[in-house]
file target25.cif (mmCIF, C-alpha atoms and all ligand atoms)
data_data
#
loop_
_atom_site.label_atom_id
_atom_site.label_comp_id
_atom_site.auth_asym_id
_atom_site.auth_seq_id
_atom_site.Cartn_x
_atom_site.Cartn_y
_atom_site.Cartn_z
CA MET A 159 -145.91 18.83 33.90
CA SER A 160 -147.46 15.63 32.68
CA ALA A 161 -145.76 12.30 33.41
CA GLU A 162 -144.33 12.38 29.91
CA ALA A 163 -141.96 15.25 29.41
CA ILE A 164 -141.55 14.50 25.72
CA ARG A 165 -143.81 12.54 23.41
CA VAL A 166 -142.90 11.99 19.78
CA THR A 167 -145.50 10.14 17.75
CA ARG A 168 -144.89 8.77 14.25
CA VAL A 169 -142.71 11.70 13.31
CA ARG A 170 -141.43 11.89 9.77
CA ARG A 171 -139.03 14.53 8.49
CA VAL A 172 -137.94 14.52 4.87
CA TYR A 173 -135.38 16.86 3.31
CA THR A 174 -135.30 17.54 -0.40
CA VAL A 175 -131.73 17.17 -1.63
CA ALA A 176 -130.11 17.00 -5.08
CA ALA A 177 -130.39 13.20 -5.10
CA GLY A 178 -134.11 13.36 -4.23
CA ALA A 179 -135.85 12.85 -0.89
CA LEU A 180 -133.75 12.22 2.19
CA ILE A 181 -135.70 10.63 5.03
CA ALA A 182 -134.05 12.11 8.13
CA LEU A 183 -136.71 10.73 10.49
CA ASP A 184 -138.96 7.84 9.51
CA ASP A 185 -141.96 7.20 11.77
CA VAL A 186 -140.09 7.94 14.96
CA ASP A 187 -141.88 7.16 18.22
CA LEU A 188 -140.37 8.16 21.55
CA THR A 189 -141.61 8.94 25.03
CA VAL A 190 -139.40 10.44 27.68
CA PRO A 191 -140.80 10.26 31.22
CA ALA A 192 -140.51 13.46 33.29
CA GLY A 193 -137.35 13.69 35.34
CA THR A 194 -135.44 11.01 33.43
CA PHE A 195 -132.14 11.24 31.61
CA VAL A 196 -132.32 9.79 28.11
CA SER A 197 -129.46 9.62 25.61
CA VAL A 198 -129.64 9.27 21.85
CA ILE A 199 -126.76 7.49 20.14
CA GLY A 200 -126.18 6.44 16.54
CA PRO A 201 -123.97 6.87 13.48
CA SER A 202 -123.51 10.29 11.96
CA GLY A 203 -126.44 11.24 9.74
CA CYS A 204 -129.04 9.06 11.50
CA GLY A 205 -131.20 12.05 12.44
CA LYS A 206 -130.18 12.79 16.03
CA SER A 207 -129.89 16.54 15.55
CA THR A 208 -133.03 16.60 13.44
CA LEU A 209 -134.91 14.85 16.24
CA LEU A 210 -133.69 17.45 18.75
CA ARG A 211 -134.59 20.34 16.45
CA VAL A 212 -138.08 18.97 15.93
CA ILE A 213 -138.56 18.54 19.69
CA ALA A 214 -137.19 22.06 20.28
CA GLY A 215 -139.73 23.43 17.80
CA LEU A 216 -136.95 24.76 15.54
CA GLU A 217 -138.44 22.82 12.65
CA ASP A 218 -141.77 21.11 12.08
CA PRO A 219 -142.17 17.44 11.24
CA ASP A 220 -143.68 16.64 7.85
CA SER A 221 -146.08 14.33 9.63
CA GLY A 222 -146.62 13.02 13.13
CA GLU A 223 -146.79 14.89 16.41
CA VAL A 224 -144.52 16.20 19.12
CA SER A 225 -145.50 17.37 22.57
CA VAL A 226 -143.36 18.74 25.37
CA GLY A 227 -144.95 18.73 28.80
CA GLY A 228 -148.31 18.14 27.14
CA VAL A 229 -148.12 21.17 24.81
CA SER A 230 -146.62 21.89 21.39
CA PRO A 231 -142.87 22.60 21.18
CA ALA A 232 -143.64 26.19 20.16
CA GLU A 233 -145.77 26.72 23.25
CA ALA A 234 -143.22 24.95 25.45
CA ALA A 235 -140.54 27.27 24.11
CA ARG A 236 -142.74 30.31 24.73
CA ASN A 237 -143.34 29.17 28.31
CA LYS A 238 -139.58 28.72 28.78
CA MET A 239 -140.06 25.03 29.52
CA LEU A 240 -137.33 24.13 27.02
CA GLY A 241 -133.59 24.64 27.10
CA LEU A 242 -131.10 23.78 24.37
CA VAL A 243 -127.35 23.31 24.79
CA PRO A 244 -125.61 23.28 21.42
CA GLN A 245 -122.35 21.56 20.51
CA THR A 246 -120.33 24.76 20.85
CA PRO A 247 -120.91 26.98 23.87
CA ALA A 248 -121.78 30.25 22.04
CA LEU A 249 -121.04 32.60 24.91
CA LEU A 250 -121.01 36.34 24.28
CA PRO A 251 -117.31 37.26 24.09
CA TRP A 252 -117.67 40.73 25.63
CA LEU A 253 -119.51 39.57 28.78
CA SER A 254 -118.03 37.93 31.87
CA VAL A 255 -118.87 34.31 32.64
CA LEU A 256 -121.27 35.46 35.37
CA LYS A 257 -123.02 37.95 33.06
CA ASN A 258 -123.22 35.35 30.31
CA VAL A 259 -124.97 32.80 32.49
CA SER A 260 -127.20 35.40 34.20
CA LEU A 261 -128.38 37.13 31.05
CA PRO A 262 -131.09 34.71 29.88
CA ALA A 263 -132.45 34.41 33.41
CA LYS A 264 -132.65 38.22 33.64
CA VAL A 265 -134.36 38.50 30.29
CA ASN A 266 -136.91 35.94 31.40
CA ARG A 267 -137.52 37.22 34.89
CA SER A 268 -140.68 39.01 33.83
CA ALA A 269 -142.02 35.81 32.32
CA GLY A 270 -142.96 34.72 35.85
CA ARG A 271 -141.30 31.36 35.77
CA ARG A 272 -143.23 28.74 37.62
CA ARG A 273 -140.29 27.10 39.30
CA ARG A 274 -138.22 30.17 40.01
CA LYS A 275 -137.40 30.64 43.65
CA GLU A 276 -139.66 33.19 45.33
CA SER A 277 -136.96 34.73 47.46
CA GLY A 278 -133.83 36.46 46.31
CA THR A 279 -132.70 37.65 42.93
CA ASP A 280 -131.27 35.58 40.12
CA GLY A 281 -127.76 36.69 41.00
CA PRO A 282 -127.07 34.50 44.04
CA ASP A 283 -128.73 31.58 42.34
CA MET A 284 -126.37 31.75 39.37
CA VAL A 285 -123.34 32.29 41.57
CA GLU A 286 -124.31 29.16 43.47
CA LEU A 287 -124.69 27.20 40.24
CA LEU A 288 -121.31 28.46 39.06
CA ARG A 289 -119.79 27.32 42.34
CA LYS A 290 -121.26 23.85 41.85
CA ALA A 291 -119.83 23.74 38.34
CA GLY A 292 -116.38 24.74 39.64
CA LEU A 293 -116.50 28.12 37.90
CA HIS A 294 -116.65 30.35 40.95
CA ASP A 295 -113.02 31.45 40.61
CA VAL A 296 -113.37 32.47 36.98
CA MET A 297 -116.84 34.03 36.99
CA HIS A 298 -115.53 37.54 36.36
CA LYS A 299 -113.35 36.47 33.44
CA LEU A 300 -114.24 36.72 29.78
CA PRO A 301 -114.95 33.51 27.81
CA SER A 302 -111.68 33.91 25.89
CA GLN A 303 -109.78 33.82 29.20
CA ILE A 304 -111.03 30.37 30.22
CA SER A 305 -110.61 26.89 28.70
CA GLY A 306 -113.00 25.25 26.26
CA GLY A 307 -114.13 22.87 29.00
CA MET A 308 -114.95 25.79 31.28
CA GLN A 309 -116.82 27.56 28.49
CA GLN A 310 -118.94 24.48 27.91
CA ARG A 311 -119.59 24.20 31.64
CA ALA A 312 -120.72 27.84 31.62
CA ALA A 313 -123.10 27.09 28.74
CA ILE A 314 -124.59 24.22 30.75
CA VAL A 315 -124.98 26.41 33.84
CA ARG A 316 -126.67 29.03 31.67
CA ALA A 317 -129.15 26.46 30.36
CA PHE A 318 -129.90 25.04 33.80
CA GLY A 319 -130.17 28.55 35.24
CA LEU A 320 -133.43 29.00 33.36
CA HIS A 321 -134.83 26.02 35.24
CA PRO A 322 -136.21 24.43 32.10
CA ASP A 323 -138.42 21.39 32.52
CA VAL A 324 -136.77 19.84 29.50
CA LEU A 325 -133.14 20.27 28.52
CA LEU A 326 -132.02 19.18 25.04
CA MET A 327 -128.27 18.70 24.62
CA ASP A 328 -126.69 18.00 21.21
CA GLU A 329 -123.25 16.42 21.70
CA PRO A 330 -122.28 19.09 24.22
CA PHE A 331 -119.02 17.39 25.23
CA SER A 332 -117.82 16.09 21.88
CA ALA A 333 -115.10 18.74 21.42
CA LEU A 334 -113.58 18.14 24.85
CA ASP A 335 -110.79 15.89 26.04
CA GLU A 336 -111.54 12.70 27.98
CA PHE A 337 -110.76 14.06 31.47
CA THR A 338 -112.72 17.26 31.06
CA ARG A 339 -115.55 15.19 29.69
CA GLU A 340 -115.64 12.87 32.69
CA SER A 341 -115.70 15.71 35.17
CA LEU A 342 -118.42 17.51 33.20
CA GLN A 343 -120.52 14.34 33.17
CA GLU A 344 -120.36 14.27 36.93
CA GLN A 345 -121.30 17.93 37.21
CA LEU A 346 -124.12 17.51 34.75
CA LEU A 347 -125.52 14.61 36.80
CA ASP A 348 -125.31 16.69 39.98
CA LEU A 349 -127.20 19.59 38.39
CA TRP A 350 -129.77 17.27 36.85
CA ASP A 351 -130.35 15.56 40.19
CA GLU A 352 -130.72 18.83 42.01
CA LEU A 353 -132.90 20.67 39.49
CA LYS A 354 -135.07 17.66 38.53
CA ALA A 355 -135.10 18.47 34.84
CA THR A 356 -135.74 15.99 32.04
CA VAL A 357 -132.68 15.66 29.82
CA LEU A 358 -132.48 14.39 26.24
CA PHE A 359 -128.79 14.09 25.43
CA VAL A 360 -127.15 13.29 22.09
CA THR A 361 -123.72 11.66 22.24
CA HIS A 362 -121.30 9.58 20.19
CA SER A 363 -119.77 8.00 23.27
CA VAL A 364 -121.07 4.66 24.53
CA THR A 365 -119.40 5.12 27.92
CA GLU A 366 -120.91 8.57 28.31
CA ALA A 367 -124.38 7.35 27.35
CA VAL A 368 -124.26 4.43 29.82
CA ARG A 369 -122.96 6.56 32.65
CA LEU A 370 -125.52 9.33 32.28
CA SER A 371 -128.70 7.63 31.18
CA ASP A 372 -131.80 5.92 32.47
CA LYS A 373 -132.52 4.96 28.88
CA ILE A 374 -130.48 4.87 25.68
CA VAL A 375 -132.15 5.33 22.32
CA VAL A 376 -130.18 3.76 19.44
CA MET A 377 -130.76 5.20 15.97
CA ALA A 378 -129.78 4.04 12.47
CA PRO A 379 -129.63 6.06 9.23
CA ARG A 380 -131.21 5.82 5.77
CA PRO A 381 -133.90 6.17 6.75
CA GLY A 382 -133.26 7.80 10.15
CA ARG A 383 -135.06 5.67 12.71
CA ILE A 384 -134.97 4.28 16.23
CA THR A 385 -133.75 0.69 16.28
CA ASP A 386 -133.48 0.07 20.03
CA VAL A 387 -134.41 1.57 23.39
CA LEU A 388 -132.32 0.15 26.25
CA ASP A 389 -132.97 0.62 29.97
CA ILE A 390 -129.81 1.26 31.96
CA ASP A 391 -130.52 -0.20 35.33
CA LEU A 392 -127.49 1.01 37.27
CA PRO A 393 -127.58 2.59 40.73
CA ARG A 394 -127.07 6.35 41.18
CA PRO A 395 -125.09 8.39 41.97
CA ARG A 396 -122.68 7.21 39.29
CA GLY A 397 -119.23 8.40 40.33
CA GLN A 398 -115.94 7.46 38.68
CA ALA A 399 -115.87 4.07 40.43
CA ILE A 400 -118.87 2.77 38.53
CA LEU A 401 -116.94 2.94 35.24
CA LYS A 402 -114.92 -0.10 36.31
CA THR A 403 -117.73 -2.37 37.46
CA ALA A 404 -118.87 -5.51 35.66
CA GLU A 405 -122.45 -4.22 35.35
CA PHE A 406 -121.18 -1.07 33.68
CA HIS A 407 -119.17 -3.09 31.16
CA HIS A 408 -122.19 -5.28 30.55
CA TYR A 409 -124.21 -2.24 29.49
CA GLU A 410 -121.37 -0.87 27.37
CA ASP A 411 -121.19 -4.19 25.51
CA LEU A 412 -124.93 -4.28 25.07
CA VAL A 413 -125.04 -0.77 23.60
CA ARG A 414 -122.03 -1.51 21.33
CA ASP A 415 -123.76 -4.63 20.01
CA ARG A 416 -126.91 -2.70 19.15
CA LEU A 417 -124.88 0.11 17.63
CA ARG A 418 -123.01 -2.35 15.46
CA GLY A 419 -126.38 -3.29 13.97
CA ALA A 420 -127.11 0.39 13.35
CA PHE A 421 -123.71 0.87 11.66
CA GLN A 422 -124.22 -2.19 9.47
CA GLY A 423 -127.47 -0.60 8.40
CA ALA A 424 -125.51 2.57 7.67
CA ALA A 425 -122.98 0.79 5.44
CA ALA A 426 -125.64 -1.04 3.44
P1 LIG B 501 -127.03 13.40 13.00
O1 LIG B 501 -127.23 14.53 13.95
O2 LIG B 501 -127.48 12.09 13.55
O3 LIG B 501 -125.63 13.33 12.49
P2 LIG B 501 -128.77 14.95 11.28
O4 LIG B 501 -130.06 15.01 12.01
O5 LIG B 501 -127.91 16.16 11.35
O6 LIG B 501 -127.96 13.65 11.74
O7 LIG B 501 -129.04 14.64 9.75
C1 LIG B 501 -129.80 13.55 9.31
C2 LIG B 501 -129.77 13.51 7.81
O8 LIG B 501 -130.48 14.62 7.30
C3 LIG B 501 -128.37 13.61 7.24
O9 LIG B 501 -128.29 12.80 6.10
C4 LIG B 501 -128.23 15.08 6.90
O10 LIG B 501 -127.31 15.27 5.85
C5 LIG B 501 -129.63 15.43 6.49
N1 LIG B 501 -129.98 16.84 6.78
C6 LIG B 501 -130.01 17.42 7.98
N2 LIG B 501 -130.41 18.70 7.90
C7 LIG B 501 -130.64 18.93 6.58
C8 LIG B 501 -131.09 20.05 5.83
N3 LIG B 501 -131.41 21.22 6.42
N4 LIG B 501 -131.20 19.92 4.48
C9 LIG B 501 -130.91 18.76 3.87
N5 LIG B 501 -130.49 17.65 4.52
C10 LIG B 501 -130.36 17.73 5.85
MG MG B 502 -125.92 15.93 14.81
#

call {"tool": "encode", "arguments": {"input": "target25.cif", "output": "structure tokens"}}
result
Amino acid sequence: MSAEAIRVTRVRRVYTVAAGALIALDDVDLTVPAGTFVSVIGPSGCGKSTLLRVIAGLEDPDSGEVSVGGVSPAEAARNKMLGLVPQTPALLPWLSVLKNVSLPAKVNRSAGRRRRKESGTDGPDMVELLRKAGLHDVMHKLPSQISGGMQQRAAIVRAFGLHPDVLLMDEPFSALDEFTRESLQEQLLDLWDELKATVLFVTHSVTEAVRLSDKIVVMAPRPGRITDVLDIDLPRPRGQAILKTAEFHHYEDLVRDRLRGAFQGAAA
């Protein structure tokens, strides 16, 4: 893994729509250092999901370059360096929670993952991850038998279970209530800390972005572009208590100010 987990250079992505050309990403530059947690925030339609899809190799930029761990997104995906957590958990309804989270790891076992533990099977590993995510008691249940928050937690465990170098998360908590969200943030930070992945996380929530991130990328629409990159210099671990500190509020205000600029751009 190179020092830069993700490098996006002058990436442009244009969609052809009825009204003409829609510039979803206009000359976007972004570097994400390995092992950091970076959030992307911005008004709806500013290109956040497009940026994630381009980094995931799900679509190609019209111009510019993307590398993940020093290779192309396609190669990174082939090497199982990349994980993607979508907005809805997408668990298989006929499999238990444990089977759902273990399945991708089983499928990939033969791929000879670099960071996979030498000893033991994948089973105990996933059970341990489920325990950390507070899902131990429900691991033999079907997705329909557990809450939406638990399903999303299971989807996160499944993604981390592959030990990806880079995890891309597109508003994974947006459908959840405030309390579930806060506890999932904490669990996500614990997993991230333990597994040393690089995370690129899309969110609408300023509080969530400040709590989770080393860096926050602010985007604005029409054309979709990065308008600010803010360093969040708060100590870790960031438990509940940090949400009430003056430094935390300072960063929330700072991000809101920059976002206001992005929204004004959106209204223009
Ligand atoms: P965000 O995730 O920030 O809400 P998106 O990346 O989904 O924004 O979309 C950015 C812009 O590109 C939006 O205006 C959206 O309507 C447009 N867009 C996204 N995907 C497509 C597509 N496949 N075809 C046409 N337009 C698209
Ligand atoms: Mg989106």

call {"tool": "residues_near_ligand", "arguments": {"input": "target25.cif", "ligand": "ligand MG 502 (chain B)", "cutoff": "9 Å", "atoms": "all atoms listed in the file", "output": "PDB file with C-alpha atoms, in the coordinates of the input"}}
result
ATOM      1  CA  SER A 202    -123.510  10.290  11.960  1.00  0.00           C
ATOM      2  CA  GLY A 203    -126.440  11.240   9.740  1.00  0.00           C
ATOM      3  CA  CYS A 204    -129.040   9.060  11.500  1.00  0.00           C
ATOM      4  CA  GLY A 205    -131.200  12.050  12.440  1.00  0.00           C
ATOM      5  CA  LYS A 206    -130.180  12.790  16.030  1.00  0.00           C
ATOM      6  CA  SER A 207    -129.890  16.540  15.550  1.00  0.00           C
ATOM      7  CA  THR A 208    -133.030  16.600  13.440  1.00  0.00           C
ATOM      8  CA  LEU A 210    -133.690  17.450  18.750  1.00  0.00           C
ATOM      9  CA  GLN A 245    -122.350  21.560  20.510  1.00  0.00           C
ATOM     10  CA  ASP A 328    -126.690  18.000  21.210  1.00  0.00           C
ATOM     11  CA  GLU A 329    -123.250  16.420  21.700  1.00  0.00           C
ATOM     12  CA  VAL A 360    -127.150  13.290  22.090  1.00  0.00           C
ATOM     13  CA  THR A 361    -123.720  11.660  22.240  1.00  0.00           C
TER      14      THR A 361
END

call {"tool": "residues_around", "arguments": {"input": "target25.cif", "residues": "Ser221 in chain A", "least_positions_apart": "6", "cutoff": "12 Å", "atoms": "all atoms listed in the file", "output": "PyMOL selection string"}}
result
chain A and resi 166-172+181+183-187+212

call {"tool": "closest_residue", "arguments": {"input": "target25.cif", "among": "A:Phe421, A:Phe318, A:Trp350, A:Tyr173", "to": "ligand LIG 501 (chain B)", "atoms": "all atoms listed in the file"}}
result
A:Tyr173

call {"tool": "atom_distance", "arguments": {"input": "target25.cif", "atom1": "CA of Leu287 in chain A", "atom2": "CA of Asp351 in chain A"}}
result
12.9 Å

call {"tool": "axis_aligned_box", "arguments": {"input": "target25.cif", "around": "ligand LIG 501 (chain B)", "padding_each_side": "6 Å", "output": "JSON"}}
result
{"center_x": -128.5, "center_y": 16.7, "center_z": 8.9, "size_x": 17.8, "size_y": 21.1, "size_z": 22.1}

call {"tool": "atom_distance", "arguments": {"input": "target25.cif", "atom1": "CA of Leu242 in chain A", "atom2": "CA of Val387 in chain A"}}
result
22.5 Å

call {"tool": "residues_around", "arguments": {"input": "target25.cif", "residues": "Asp411 in chain A", "least_positions_apart": "6", "cutoff": "12 Å", "atoms": "all atoms listed in the file", "output": "ChimeraX atom specification"}}
result
/A:364-365,368,388,404-405,417-418

call {"tool": "closest_residue", "arguments": {"input": "target25.cif", "among": "A:Leu261, A:Met284, A:Ala177, A:Ala161", "to": "ligand LIG 501 (chain B)", "atoms": "all atoms listed in the file"}}
result
A:Ala177

call {"tool": "residues_near_point", "arguments": {"input": "target25.cif", "point": "(-139.4, 24.0, 30.7)", "cutoff": "7 Å", "atoms": "only C-alpha atoms", "output": "JSON, numbers by chain"}}
result
{"A": [234, 237, 238, 239, 240, 241, 321, 322, 323, 324]}

call {"tool": "write_last_selection", "arguments": {"input": "target25.cif", "atoms": "C-alpha atoms", "output": "CSV table (one decimal), keeping the file's coordinate frame"}}
result
chain,number,residue,atom,x,y,z
A,234,ALA,CA,-143.2,25.0,25.4
A,237,ASN,CA,-143.3,29.2,28.3
A,238,LYS,CA,-139.6,28.7,28.8
A,239,MET,CA,-140.1,25.0,29.5
A,240,LEU,CA,-137.3,24.1,27.0
A,241,GLY,CA,-133.6,24.6,27.1
A,321,HIS,CA,-134.8,26.0,35.2
A,322,PRO,CA,-136.2,24.4,32.1
A,323,ASP,CA,-138.4,21.4,32.5
A,324,VAL,CA,-136.8,19.8,29.5

call {"tool": "atom_distance", "arguments": {"input": "target25.cif", "atom1": "CA of Val357 in chain A", "atom2": "CA of Leu325 in chain A"}}
result
4.8 Å

call {"tool": "closest_residue", "arguments": {"input": "target25.cif", "among": "A:Arg165, A:Arg211, A:Arg414, A:Lys402", "to": "ligand LIG 501 (chain B)", "atoms": "all atoms listed in the file"}}
result
A:Arg211

call {"tool": "residues_near_point", "arguments": {"input": "target25.cif", "point": "(-118.3, 27.7, 31.6)", "cutoff": "10 Å", "atoms": "all atoms listed in the file", "output": "list in words"}}
result
Pro247, Leu249, Val255, Leu256, Asn258, Val259, Leu288, Ala291, Gly292, Leu293, His294, Val296, Met297, Pro301, Ile304, Ser305, Gly306, Gly307, Met308, Gln309, Gln310, Arg311, Ala312, Ala313, Ile314, Val315 and Arg316 of chain A

call {"tool": "closest_residue", "arguments": {"input": "target25.cif", "among": "A:Ala214, A:Leu358, A:Val285, A:Ala179", "to": "ligand LIG 501 (chain B)", "atoms": "only C-alpha atoms and all ligand atoms"}}
result
A:Ala179

call {"tool": "closest_residue", "arguments": {"input": "target25.cif", "among": "A:Pro231, A:Gly215, A:Gly193, A:Gly178", "to": "ligand LIG 501 (chain B)", "atoms": "all atoms listed in the file"}}
result
A:Gly178

call {"tool": "closest_residue", "arguments": {"input": "target25.cif", "among": "A:Leu347, A:Val376, A:Ala163, A:Leu392", "to": "ligand LIG 501 (chain B)", "atoms": "all atoms listed in the file"}}
result
A:Val376

call {"tool": "residues_around", "arguments": {"input": "target25.cif", "residues": "Thr194 in chain A", "least_positions_apart": "2", "cutoff": "8 Å", "atoms": "all atoms listed in the file", "output": "PDB file with C-alpha atoms, in the coordinates of the input"}}
result
ATOM      1  CA  VAL A 190    -139.400  10.440  27.680  1.00  0.00           C
ATOM      2  CA  PRO A 191    -140.800  10.260  31.220  1.00  0.00           C
ATOM      3  CA  ALA A 192    -140.510  13.460  33.290  1.00  0.00           C
ATOM      4  CA  VAL A 196    -132.320   9.790  28.110  1.00  0.00           C
ATOM      5  CA  ALA A 355    -135.100  18.470  34.840  1.00  0.00           C
ATOM      6  CA  THR A 356    -135.740  15.990  32.040  1.00  0.00           C
ATOM      7  CA  VAL A 357    -132.680  15.660  29.820  1.00  0.00           C
ATOM      8  CA  SER A 371    -128.700   7.630  31.180  1.00  0.00           C
ATOM      9  CA  ASP A 372    -131.800   5.920  32.470  1.00  0.00           C
TER      10      ASP A 372
END
